[in-house]
Structures are given as structure tokens and as C-alpha cells.
$ cat work-v9.cif   # mmCIF, C-alpha atoms
data_input
loop_
_atom_site.label_atom_id
_atom_site.label_comp_id
_atom_site.auth_asym_id
_atom_site.auth_seq_id
_atom_site.Cartn_x
_atom_site.Cartn_y
_atom_site.Cartn_z
CA SER S 1 -68.29 -42.97 24.59
CA ASP S 2 -64.68 -43.19 23.46
CA MET S 3 -65.75 -43.75 19.89
CA ARG S 4 -67.65 -40.46 19.83
CA MET S 5 -64.50 -38.36 20.41
CA LEU S 6 -62.93 -39.52 17.16
CA PRO S 7 -63.88 -37.93 13.83
CA SER S 8 -66.95 -39.81 12.71
CA SER S 9 -66.66 -39.20 9.01
CA THR S 10 -64.41 -38.04 6.21
CA SER S 11 -65.98 -34.59 6.31
CA ASP S 12 -64.83 -34.03 9.90
CA ARG S 13 -61.29 -34.99 8.94
CA SER S 14 -61.34 -32.59 5.98
CA LYS S 15 -62.49 -29.76 8.28
CA ALA S 16 -59.64 -30.39 10.70
CA ALA S 17 -56.99 -30.57 7.95
CA PRO S 18 -57.00 -26.84 6.95
CA ALA S 19 -56.23 -25.76 10.50
CA VAL S 20 -53.19 -28.01 10.65
CA ILE S 21 -52.01 -26.84 7.23
CA GLY S 22 -52.48 -23.21 8.28
CA ARG S 23 -50.38 -23.69 11.37
CA GLU S 24 -47.62 -25.32 9.29
CA MET S 25 -47.68 -22.43 6.79
CA LYS S 26 -47.33 -19.93 9.63
CA LEU S 27 -44.35 -21.82 11.02
CA HIS S 28 -42.74 -21.94 7.59
CA GLY S 29 -43.47 -18.26 7.10
CA ARG S 30 -41.68 -17.37 10.33
CA ALA S 31 -38.61 -19.39 9.34
CA ALA S 32 -38.41 -17.97 5.83
CA PRO S 33 -36.43 -14.75 6.68
CA CYS S 34 -33.82 -16.79 8.54
CA ASP S 35 -33.51 -19.21 5.66
CA THR S 36 -33.17 -16.30 3.22
CA ALA S 37 -30.40 -14.71 5.28
CA ARG S 38 -28.57 -18.00 5.49
CA SER S 39 -28.86 -18.55 1.77
CA ARG S 40 -27.58 -15.04 1.06
CA PHE S 41 -24.66 -15.50 3.43
CA ALA S 42 -23.85 -18.84 1.83
CA MET S 43 -24.00 -17.20 -1.62
CA VAL S 44 -21.64 -14.39 -0.53
CA ALA S 45 -19.26 -16.92 1.04
CA GLU S 46 -19.32 -18.97 -2.14
CA HIS S 47 -18.52 -15.95 -4.33
CA TRP S 48 -15.77 -14.86 -1.90
CA SER S 49 -14.18 -18.31 -1.95
CA ALA S 50 -14.34 -18.30 -5.76
CA ARG S 51 -12.46 -14.99 -6.14
CA PRO S 52 -9.40 -14.97 -8.41
CA THR S 53 -6.17 -16.54 -7.19
CA ILE S 54 -2.79 -15.33 -8.42
CA PRO S 55 0.82 -16.06 -7.43
CA GLY S 56 2.46 -13.66 -5.01
CA LEU S 57 5.24 -12.70 -7.43
CA LEU S 58 2.68 -11.80 -10.09
CA LEU S 59 0.85 -9.61 -7.58
CA ILE S 60 4.10 -7.78 -6.81
CA ALA S 61 4.77 -7.21 -10.51
CA MET S 62 1.22 -5.91 -11.09
CA ALA S 63 1.39 -3.55 -8.10
CA ASN S 64 4.76 -2.29 -9.30
CA LEU S 65 3.41 -1.54 -12.76
CA TRP S 66 0.39 0.25 -11.27
CA MET S 67 2.47 2.53 -9.05
CA LEU S 68 4.99 3.30 -11.79
CA ALA S 69 2.24 4.11 -14.30
CA THR S 70 -0.12 6.17 -12.11
CA CYS S 71 2.04 7.76 -9.41
CA ASN S 72 5.05 8.89 -11.47
CA ILE S 73 3.61 11.14 -14.18
CA SER S 74 6.15 13.88 -13.55
CA PHE S 75 9.02 11.40 -13.43
CA TRP S 76 8.16 9.89 -16.81
CA GLY S 77 7.59 13.36 -18.24
CA ARG S 78 11.12 14.35 -17.32
CA ALA S 79 12.45 11.07 -18.69
CA TYR S 80 10.72 11.73 -22.01
CA GLN S 81 12.18 15.24 -22.18
CA ILE S 82 15.69 13.89 -21.63
CA PHE S 83 15.64 10.62 -23.59
CA GLY S 84 12.66 11.11 -25.92
CA ALA S 85 14.88 11.80 -28.92
CA LYS S 86 16.42 8.32 -28.51
CA PRO S 87 13.62 5.72 -28.21
CA VAL S 88 16.02 2.86 -27.51
CA VAL S 89 17.60 4.74 -24.62
CA LEU S 90 14.17 5.71 -23.29
CA ALA S 91 13.01 2.06 -23.45
CA LEU S 92 16.13 0.85 -21.63
CA PHE S 93 15.62 3.54 -19.00
CA GLY S 94 12.03 2.41 -18.43
CA VAL S 95 13.03 -1.24 -18.15
CA GLY S 96 15.79 -0.34 -15.70
CA ILE S 97 13.45 1.70 -13.52
CA TRP S 98 10.91 -1.13 -13.48
CA ALA S 99 13.61 -3.60 -12.43
CA TYR S 100 14.91 -1.16 -9.78
CA ALA S 101 11.45 -0.80 -8.23
CA MET S 102 10.97 -4.58 -8.38
CA ILE S 103 14.24 -5.09 -6.50
CA TYR S 104 13.00 -2.82 -3.70
CA LEU S 105 9.65 -4.62 -3.44
CA LEU S 106 11.19 -8.09 -3.58
CA ILE S 107 13.75 -7.33 -0.88
CA PHE S 108 11.17 -6.24 1.69
CA ALA S 109 8.12 -8.31 0.66
CA ASN S 110 7.42 -11.70 2.20
CA ARG S 111 4.60 -14.22 2.05
CA TRP S 112 3.20 -13.32 5.50
CA LEU S 113 2.99 -9.52 5.11
CA LEU S 114 2.72 -9.25 1.33
CA LYS S 115 -0.67 -7.57 1.09
CA PRO S 116 -0.16 -5.01 3.92
CA PHE S 117 3.25 -4.16 2.49
CA LEU S 118 1.86 -3.50 -0.99
CA VAL S 119 -1.10 -1.54 0.37
CA ALA S 120 1.18 0.70 2.45
CA ASN S 121 3.36 1.40 -0.59
CA MET S 122 0.33 2.18 -2.76
CA LEU S 123 -1.05 4.66 -0.23
CA ILE S 124 2.35 6.32 0.26
CA ALA S 125 2.91 6.57 -3.49
CA ALA S 126 -0.56 8.03 -4.07
CA ALA S 127 -0.18 10.68 -1.34
CA ALA S 128 3.35 11.67 -2.34
CA SER S 129 2.49 11.82 -6.04
CA TYR S 130 -0.46 14.15 -5.39
CA TYR S 131 1.64 16.79 -3.62
CA HIS S 132 4.44 16.46 -6.14
CA GLU S 133 2.19 16.71 -9.19
CA SER S 134 -0.07 19.48 -7.86
CA MET S 135 2.37 21.55 -5.78
CA GLY S 136 5.82 20.43 -6.89
CA ILE S 137 6.68 19.26 -3.37
CA ILE S 138 9.46 16.68 -3.02
CA ILE S 139 9.05 14.42 0.00
CA ASP S 140 12.55 14.35 1.45
CA ARG S 141 13.75 13.94 5.02
CA GLU S 142 13.21 17.58 5.97
CA MET S 143 9.72 17.57 4.46
CA ILE S 144 8.79 14.47 6.48
CA GLN S 145 10.03 16.22 9.61
CA ASN S 146 7.86 19.23 8.78
CA ILE S 147 4.84 17.00 8.12
CA LEU S 148 5.18 15.20 11.44
CA SER S 149 5.52 18.49 13.32
CA THR S 150 2.46 20.00 11.64
CA THR S 151 -0.49 20.71 13.93
CA SER S 152 -4.01 19.42 13.27
CA ASN S 153 -5.25 22.88 12.30
CA GLU S 154 -2.47 23.27 9.75
CA SER S 155 -2.99 19.80 8.28
CA ARG S 156 -6.71 20.41 7.66
CA SER S 157 -5.91 22.84 4.86
CA LEU S 158 -3.97 20.08 3.07
CA LEU S 159 -6.86 17.58 3.14
CA THR S 160 -8.75 19.01 0.19
CA GLY S 161 -11.39 17.35 -1.93
CA ALA S 162 -8.91 16.90 -4.77
CA PHE S 163 -6.50 15.14 -2.42
CA ILE S 164 -9.19 12.76 -1.15
CA GLN S 165 -10.32 12.01 -4.69
CA HIS S 166 -6.74 11.28 -5.73
CA ILE S 167 -6.14 8.99 -2.75
CA VAL S 168 -9.36 7.09 -3.35
CA MET S 169 -8.70 6.58 -7.05
CA PHE S 170 -4.98 5.76 -6.97
CA GLY S 171 -4.55 4.43 -3.43
CA ILE S 172 -7.66 3.04 -1.77
CA LEU S 173 -9.35 1.37 -4.75
CA PRO S 174 -6.22 -0.52 -5.89
CA SER S 175 -5.55 -1.43 -2.26
CA LEU S 176 -9.02 -2.97 -2.00
CA ALA S 177 -8.35 -4.88 -5.22
CA VAL S 178 -5.12 -6.25 -3.73
CA MET S 179 -6.83 -7.28 -0.51
CA SER S 180 -9.66 -9.01 -2.40
CA LEU S 181 -7.34 -11.31 -4.33
CA ARG S 182 -6.27 -14.69 -3.06
CA VAL S 183 -2.54 -15.30 -3.19
CA SER S 184 -1.27 -18.78 -3.87
CA HIS S 185 1.93 -19.73 -2.08
CA PRO S 186 3.88 -22.90 -2.86
CA SER S 187 5.96 -24.64 -0.25
CA PHE S 188 8.43 -22.53 1.71
CA LEU S 189 11.54 -23.82 -0.05
CA ARG S 190 9.99 -23.54 -3.50
CA SER S 191 8.65 -20.05 -2.72
CA ALA S 192 12.07 -18.92 -1.50
CA ARG S 193 13.70 -20.34 -4.63
CA ASN S 194 11.24 -18.58 -6.95
CA HIS S 195 11.59 -15.34 -4.99
CA LEU S 196 15.39 -15.46 -5.20
CA THR S 197 15.26 -16.32 -8.91
CA VAL S 198 13.05 -13.33 -9.75
CA LEU S 199 15.14 -11.04 -7.56
CA THR S 200 18.35 -12.15 -9.26
CA THR S 201 16.75 -11.70 -12.68
CA CYS S 202 15.68 -8.15 -11.82
CA ILE S 203 19.19 -7.33 -10.58
CA VAL S 204 20.65 -8.60 -13.86
CA ILE S 205 18.10 -6.62 -15.91
CA PHE S 206 18.77 -3.44 -13.93
CA SER S 207 22.53 -3.83 -14.19
CA GLY S 208 22.37 -4.56 -17.91
CA ALA S 209 20.10 -1.60 -18.62
CA VAL S 210 22.19 0.82 -16.59
CA PHE S 211 25.65 -0.16 -17.81
CA SER S 212 24.55 -0.40 -21.44
CA LYS S 213 23.89 3.37 -21.53
CA TYR S 214 25.51 4.52 -18.31
CA GLN S 215 26.91 7.78 -19.63
CA SER S 216 23.58 8.82 -21.16
CA PHE S 217 21.63 7.97 -18.02
CA SER S 218 24.11 9.59 -15.66
CA PHE S 219 24.30 12.80 -17.69
CA GLY S 220 20.53 13.00 -18.18
CA VAL S 221 19.66 12.49 -14.52
CA ARG S 222 22.24 15.10 -13.44
CA GLN S 223 20.70 17.58 -15.87
CA SER S 224 17.30 17.18 -14.18
CA PRO S 225 17.60 18.10 -10.48
CA GLY S 226 15.04 16.41 -8.28
CA MET S 227 14.23 13.68 -10.78
CA ARG S 228 15.40 10.87 -8.52
CA GLN S 229 13.38 12.29 -5.62
CA SER S 230 10.19 12.13 -7.69
CA LEU S 231 10.25 8.35 -8.17
CA GLN S 232 7.44 6.88 -6.06
CA PRO S 233 7.26 5.09 -3.71
CA VAL S 234 11.00 4.32 -3.59
CA SER S 235 12.07 7.92 -2.97
CA THR S 236 9.58 8.54 -0.17
CA ILE S 237 10.42 5.25 1.53
CA GLN S 238 14.09 6.16 1.35
CA SER S 239 13.34 9.55 2.92
CA LEU S 240 11.39 7.83 5.71
CA GLY S 241 14.42 5.63 6.38
CA GLN S 242 16.69 8.68 6.52
CA TYR S 243 14.34 10.39 8.95
CA ALA S 244 14.23 7.30 11.20
CA GLN S 245 18.03 7.14 11.10
CA MET S 246 18.23 10.81 12.09
CA LEU S 247 15.95 10.20 15.08
CA SER S 248 17.98 7.19 16.11
CA ARG S 249 21.17 9.21 16.07
CA ALA S 250 19.56 12.04 18.03
CA HIS S 251 18.36 9.69 20.80
CA SER S 252 21.66 7.84 21.04
CA ARG S 253 23.76 11.01 21.19
CA GLU S 254 25.23 11.75 24.62
CA PHE S 255 25.51 15.34 25.77
CA GLU S 256 28.86 16.33 27.22
CA LYS S 257 29.43 19.09 29.69
CA THR S 258 31.60 21.90 28.42
CA ALA S 259 33.49 24.40 30.57
CA PRO S 260 32.48 22.95 33.98
CA ASP S 261 34.58 25.63 35.72
CA ALA S 262 32.57 28.50 34.22
CA HIS S 263 30.89 30.92 36.67
CA LYS S 264 28.63 33.93 36.42
CA GLY S 265 30.23 37.27 35.91
CA ALA S 266 29.51 40.48 37.78
CA ILE S 267 26.87 41.71 35.32
CA ALA S 268 25.00 38.38 35.50
CA ARG S 269 25.02 38.46 39.32
CA ILE S 270 23.72 42.02 39.36
CA ALA S 271 20.96 41.18 36.87
CA GLN S 272 19.96 38.15 38.94
CA ARG S 273 19.48 40.36 42.00
#
$ encode --input "work-v9.cif" --output "C-alpha cells"
Amino acid sequence: SDMRMLPSSTSDRSKAAPAVIGREMKLHGRAAPCDTARSRFAMVAEHWSARPTIPGLLLIAMANLWMLATCNISFWGRAYQIFGAKPVVLALFGVGIWAYAMIYLLIFANRWLLKPFLVANMLIAAAASYYHESMGIIIDREMIQNILSTTSNESRSLLTGAFIQHIVMFGILPSLAVMSLRVSHPSFLRSARNHLTVLTTCIVIFSGAVFSKYQSFSFGVRQSPGMRQSLQPVSTIQSLGQYAQMLSRAHSREFEKTAPDAHKGAIARIAQR
């Protein structure tokens, strides 16, 4: 009786085989979407890990060139009007401005907050350059105070489509490019040595460019009021520092009582009644 329960021939085994194969195909079919998602995630992770890697100092130099080239159209236009007749002087002026902006970035940038620092400067430079190029507005300390005291209804009129387009093109897209790059950092001592070397080199370049044609630069900048305030993002960051310093002085100032022996006169007492 036990022998009858087993498949008696090859034909019975062949009939049972398709059912088993069908069940296996269904199981594989259910697992396929999960396997596809995992493979896609692994592919994305592989591409992300294979993204370009550049040194931190090179990233600072590239970001500096981008901001100087795209967010300072008016500044370079004035420079060309003043020094355009003397190409050598104009070239020295450009090299000096590049070194000056590099000095600012190198002083405040560090290996731990490099990307957020560059992104913040790119966004500030893009926003300030839009209002300066389109409306001629200089972002100084008083303007920052007016901006921070502006109500939401008043600020809506400033958020135009042209402003958003400008911020996306010259601020957000380059910021995403900065965040997508991998930054290679050597050891702490070697990184500090390289950082100090580049900073010292930029100081020497700036000093050499300025003092080689100091009279021409000084006279030309004085003849163009507001030129220094149009350099982005250095000028806006400087104005933010001045505003913060003003607030600090206002909070630390102590009010003194004057004329403590003063009293109301007869007219004031009558009006109070």
C-alpha cells in the first residue's frame, strides 16, 4: 500500500514537475521588484561614491572665480571704464581683486564647514548682485537694517520671477554643484601648512598688485563712488559685520538718568487733571 502512494512512472513525475516550477516562478516574480529596487539603489550609491574628488583649496579658488565672474558685472564694468585704456593696469587690478577675495575666503574657511561656508557666500552674492544690477541698490549696513525690518507683505513684492530665476541660476545651481563634490583633505598638519602657504601667497600677490600701481588704483576707485560697495560677496559680508557690531553696541549700552531732580510744571499738572 505504501508503494502505491509514490509516483509509479516517469509520466507522473513529469506531471508533478510543472506545478513545482510554477510555484518557484511565482516566488521569483514576487521578489523581482525588491531585487530591482536594491540594484537601483546600489547603482545610485556606486555613482555617488564615484563622483569627482577635488582638494579643498581648489574648490575655494573655483568658487571665488565663479562669484567674481557672475556676481560682479557692474563692478568689472566700472573697472573697465576706469582702467580700460591701460590693459596692464586693468590686469593687475583684476589679479589684486582675485587675491583680495581669496584672502577673505581663506581666513574664514575651514575643513569642517567649507561647503556650507561657500554655499552661504554664493547665495549672498547672488541675491546682492541681483538688486545691485537691476535696481542699483548697494547693500550697506542701513540697507540690511531696512531689510530685516521689512514686513512679510512688503517683502513679497521683492520676490519676483526674475529674482528667483537669478538666484537659481547663480546661487542654487552652483551651490548644488559644490555640495555634490567630494573634498579631499590631507592630514591636519599638512592641510594647515598648505592653507597657510596659499594664504600667504595671496597676501603677497595682493600687496604686489596694489603697491605696483597704488596711485592709479587709489585715484580710480575714488573717482567711482560706490565701487567698493559693489564687490560681492565681500562688501555684503562686511556690511553684515557692521550691522552685527551696531546691534552689539546697542545692547551693551547703559542708559543713564538725566536730571533726576526734574518735576512737572504747573501747565503739566493742570493738563494731567
$ residues_around --input "work-v9.cif" --residues "Ser175 of chain S" --least-positions-apart "4" --cutoff "7 Å" --atoms "only C-alpha atoms" --output "MDAnalysis selection string"
chainID S and resid 119 122 171 179
$ residues_around --input "work-v9.cif" --residues "Ile237 of chain S" --least-positions-apart "5" --cutoff "10 Å" --atoms "only C-alpha atoms" --output "list in words"
Tyr104, Asn121, Ile124, Ala125, Ile139, Asp140, Arg141, Gln232, Gln242 and Tyr243 of chain S
$ residues_near_point --input "work-v9.cif" --point "(10.5, 14.1, 7.3)" --cutoff "12 Å" --atoms "only C-alpha atoms" --output "CSV table (one decimal) with C-alpha atoms, in the frame of the given file"
chain,number,residue,atom,x,y,z
S,138,ILE,CA,9.5,16.7,-3.0
S,139,ILE,CA,9.0,14.4,0.0
S,140,ASP,CA,12.6,14.4,1.4
S,141,ARG,CA,13.8,13.9,5.0
S,142,GLU,CA,13.2,17.6,6.0
S,143,MET,CA,9.7,17.6,4.5
S,144,ILE,CA,8.8,14.5,6.5
S,145,GLN,CA,10.0,16.2,9.6
S,146,ASN,CA,7.9,19.2,8.8
S,147,ILE,CA,4.8,17.0,8.1
S,148,LEU,CA,5.2,15.2,11.4
S,149,SER,CA,5.5,18.5,13.3
S,150,THR,CA,2.5,20.0,11.6
S,236,THR,CA,9.6,8.5,-0.2
S,237,ILE,CA,10.4,5.2,1.5
S,238,GLN,CA,14.1,6.2,1.4
S,239,SER,CA,13.3,9.6,2.9
S,240,LEU,CA,11.4,7.8,5.7
S,241,GLY,CA,14.4,5.6,6.4
S,242,GLN,CA,16.7,8.7,6.5
S,243,TYR,CA,14.3,10.4,9.0
S,244,ALA,CA,14.2,7.3,11.2
S,245,GLN,CA,18.0,7.1,11.1
S,246,MET,CA,18.2,10.8,12.1
S,247,LEU,CA,16.0,10.2,15.1
$ atom_distance --input "work-v9.cif" --atom1 "atom CA of Phe75 of chain S" --atom2 "atom CA of Tyr100 of chain S"
14.3 Å
$ closest_atom_pairs --input "work-v9.cif" --of "segment 37-125 of chain S" --to "segment 182-187 of chain S" --cutoff "12 Å" --atoms "all atoms listed in the file" --output "CSV"
residue,atom,partner,partner_atom,distance
S:Trp48,CA,S:Arg182,CA,9.6
S:Ser49,CA,S:Arg182,CA,8.8
S:Ala50,CA,S:Arg182,CA,9.2
S:Arg51,CA,S:Arg182,CA,6.9
S:Pro52,CA,S:Arg182,CA,6.2
S:Thr53,CA,S:Arg182,CA,4.5
S:Ile54,CA,S:Val183,CA,5.2
S:Pro55,CA,S:Ser184,CA,4.9
S:Gly56,CA,S:Val183,CA,5.6
S:Leu57,CA,S:Val183,CA,9.2
S:Leu58,CA,S:Val183,CA,9.3
S:Leu59,CA,S:Val183,CA,7.9
S:Ile60,CA,S:Val183,CA,10.7
S:Asn110,CA,S:His185,CA,10.6
S:Arg111,CA,S:His185,CA,7.4
S:Trp112,CA,S:His185,CA,10.0
S:Leu113,CA,S:Val183,CA,11.5
S:Leu114,CA,S:Val183,CA,9.2
S:Lys115,CA,S:Val183,CA,9.0
$ closest_atom_pairs --input "work-v9.cif" --of "segment 76-181 of chain S" --to "segment 189-200 of chain S" --cutoff "10 Å" --atoms "only C-alpha atoms" --output "Markdown table"
| residue | atom | partner | partner_atom | distance |
| --- | --- | --- | --- | --- |
| S:Ala99 | CA | S:Leu199 | CA | 9.0 |
| S:Met102 | CA | S:Leu199 | CA | 7.7 |
| S:Ile103 | CA | S:Leu199 | CA | 6.1 |
| S:Tyr104 | CA | S:Leu199 | CA | 9.3 |
| S:Leu105 | CA | S:Leu199 | CA | 9.4 |
| S:Leu106 | CA | S:Leu199 | CA | 6.3 |
| S:Ile107 | CA | S:Leu199 | CA | 7.8 |
| S:Ala109 | CA | S:His195 | CA | 9.7 |
| S:Asn110 | CA | S:His195 | CA | 9.1 |
| S:Arg111 | CA | S:Ser191 | CA | 8.6 |
$ resolve_selection --input "work-v9.cif" --expression "the PyMOL selection byres ((chain S and resi 69-74) around 10)" --output "PyMOL selection string"
chain S and resi 63-68+75-80+122+124-130+132-133+136+169-171+227+230-233
$ atom_distance --input "work-v9.cif" --atom1 "atom CA of Gly208 of chain S" --atom2 "atom CA of Ala85 of chain S"
21.1 Å
$ atom_distance --input "work-v9.cif" --atom1 "atom CA of Leu123 of chain S" --atom2 "atom CA of Ile172 of chain S"
7.0 Å
$ closest_residue --input "work-v9.cif" --among "S:Arg40, S:Lys86, S:His166, S:Arg228" --to "Ser216 of chain S" --atoms "all atoms listed in the file"
S:Lys86
$ resolve_selection --input "work-v9.cif" --expression "the PyMOL selection byres ((chain S and resi 91) around 12)" --output "PyMOL selection string"
chain S and resi 76+79-80+83-90+92-98+209-210+212-213+217
$ write_last_selection --input "work-v9.cif" --atoms "C-alpha atoms" --output "tab-separated table (two decimals), in the frame of the given file"
chain	number	residue	atom	x	y	z
S	76	TRP	CA	8.16	9.89	-16.81
S	79	ALA	CA	12.45	11.07	-18.69
S	80	TYR	CA	10.72	11.73	-22.01
S	83	PHE	CA	15.64	10.62	-23.59
S	84	GLY	CA	12.66	11.11	-25.92
S	85	ALA	CA	14.88	11.80	-28.92
S	86	LYS	CA	16.42	8.32	-28.51
S	87	PRO	CA	13.62	5.72	-28.21
S	88	VAL	CA	16.02	2.86	-27.51
S	89	VAL	CA	17.60	4.74	-24.62
S	90	LEU	CA	14.17	5.71	-23.29
S	92	LEU	CA	16.13	0.85	-21.63
S	93	PHE	CA	15.62	3.54	-19.00
S	94	GLY	CA	12.03	2.41	-18.43
S	95	VAL	CA	13.03	-1.24	-18.15
S	96	GLY	CA	15.79	-0.34	-15.70
S	97	ILE	CA	13.45	1.70	-13.52
S	98	TRP	CA	10.91	-1.13	-13.48
S	209	ALA	CA	20.10	-1.60	-18.62
S	210	VAL	CA	22.19	0.82	-16.59
S	212	SER	CA	24.55	-0.40	-21.44
S	213	LYS	CA	23.89	3.37	-21.53
S	217	PHE	CA	21.63	7.97	-18.02
